[in-house]
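K.L.:
My questions all concern the structure below.
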Amino acid sequence: MKKEFGTTRNGETASCYILKNSKGMKAVVSDFGAALLKLYVPDKNGKSQDVVLGYETLEDYENGGDSVGATVGRVANRIGTGAFELNGKKYELTKNDNGENTLHGGTDFYNKRMWSVKEEDDTHVVFMLVSPDGDQGFPGEVKIEVSYTVTEENELKIHYYAIPDQDTLLNMTNHSYFNLAGHNSGPVMDQQVWLAADTYTPADAVSIPTGEILPVAGTPMDFTKMKPIGQDIEVDFEALILGHGYDHNWVLNHEAGVLGIAGKAKDPASGRVMEAYTDLPGMQFYTANFLKDERPGKGGAHYDRRHAFCFETQYYPDACHKPNFPSPILKAGDTYKTTTIYKFYAE
């Protein structure tokens with residue numbers, strides 16, 4: 001089902017698309033930013049609530065920060081020094097993070113653009129964007145498709161597909177903020193998380209990975225057993241101090257390129273459980289440490305620090321500068337294909 005969402009400041013008409021299954025799950029996505037606006041999933045009593053943070057109006061999505069619900073590209077997460085070299089040529093990017101690094105592609109965000117719609121029905125929609133050569137400072141024209149599908153297994157399946165005409169970097173993700181108790185339920189510190197990762201990539205004071213891959217065992221970064229998000233978040237540990245909480249890349253145990261489980265989250269009160277799956281090598285677990293109450297959320301909701309968490313599937317941050325990290329380089333004419341699944345159930 002398609003509904004008008006509003007008009008952008010450039011005079012473009014944006015729409016939202018309602019995707020449903022027969023089990024009570026419903027997603028609302030928009031061609032403005034290829035963004036996830038709402039996601040209703042049932043709790044243990046069959047009551048559905050919206051479990052992603054978002055805004056009520058198109059204007060708020062245009063003006064809002066924090067990449068709420070966003071499709072992020074060309075390169076999600078951080079690129080140190082706001083520049084990189086590829087095939088012997090240096091490319092300068094926008095430095096929009098701590099004055100020295102590039103975050104989520106710079107300032108000309110994909111989630112602030114209108115995407116076209118390739119196809120849509122009651123359960124899925126495919127958004128398209130042509131990113132021209134030099135866009136955000138990156139080489140090559142890239143034709144990108146992002147599809148959202150709601151399945152009968154209560155999955156939200158996000159598939160990314162792209163082909164560049166020059167060698168470039170590509171590392172796309174979804175930046176939804178989840179609160180399994182409901183988007184307007186306040187802090188998520190009592191919600192529980194498990195990550196399918198025995199190691200992580202520590203980062204410096206401006207969140208650029210050092211290049212090390214360290215074991216989580218014996219540290220507050222260990223989520224190999226389910227634990228409350230808030231259990232260790234204030235521990236005197238360098239990674240947590242520098243990141244102001246959890247805002248790190250975990251190195252997933254599964255084979256890169258093969259779809260496997262990346263993590264799981266649970267809200268004990270409602271019984272809602274979310275499992276995340278990806279074929280990418282890493283996932284950023286972020287506890288909304290910098291989320292600010294800039295504007296009211298949906299229904300006038302108050303969002304603030306640590307009122308949500310993100311599971312951002314990805315290549316590791318700053319991988320273009322770390323030869324030991326899996327490479328985000330996409331060769332001219334090659335196909336970028338990756339899938340992220342958020343699966344829900346209650347117990």
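By convention here, the chains of the structure tokens are called A, B, ... in the order presented, each chain's residues are numbered starting at 1, and ligands are numbered starting at 1 in the order presented.
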Any idea what's packed within 6 Å of Tyr161 in chain A, counting only C-alpha atoms, ignoring anything in its chain fewer than 2 positions away? Could you give it as a list in words?

P.N.:
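Everything that qualifies: Ile144, Glu145, Tyr336 and Lys337 of chain A.
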
K.L.:
Quick one: everything within 12 Å of Thr8 in chain A, counting only C-alpha atoms, minus sequence neighbours fewer than 3 positions away in the same chain. Send it as a VMD selection string.

P.N.:
chain A and resid 4 to 5 11 to 15 31 to 33 57 to 63 112 to 114

K.L.:
Ranking A:Val75, A:Met221, A:Val150, A:Ile163 by minimum distance to Asp334 in chain A and counting only C-alpha atoms, which one comes first?

P.N.:
A:Ile163

K.L.:
Which polymer residues have any atom within 8 Å of an atom of range 169-177 of chain A, counting only C-alpha atoms, with same-chain residues fewer than 6 positions away left out, as a PyMOL selection string?

P.N.:
chain A and resi 36+52-53+67-76+138+160+288+308-315+328-330+336

K.L.:
Hey, which of A:His321, A:Lys20, A:Lys44, A:Arg78 ends up closest to Ala269 in chain A? Count only C-alpha atoms.

P.N.:
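Looking at the shortest contact to Ala269 in chain A, the residue is A:Lys44.
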
K.L.:
DSSP on the backbone: what in range 40-244 of chain A comes out alpha helix (DSSP H), as a list in words?

P.N.:
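Residues of range 40-244 of chain A classed as alpha helix (DSSP H): Leu58, Glu59, Asp60, Tyr61, Glu62, Asn63, Glu238, Ala239, Leu240, Ile241, Leu242 and Gly243 of chain A.
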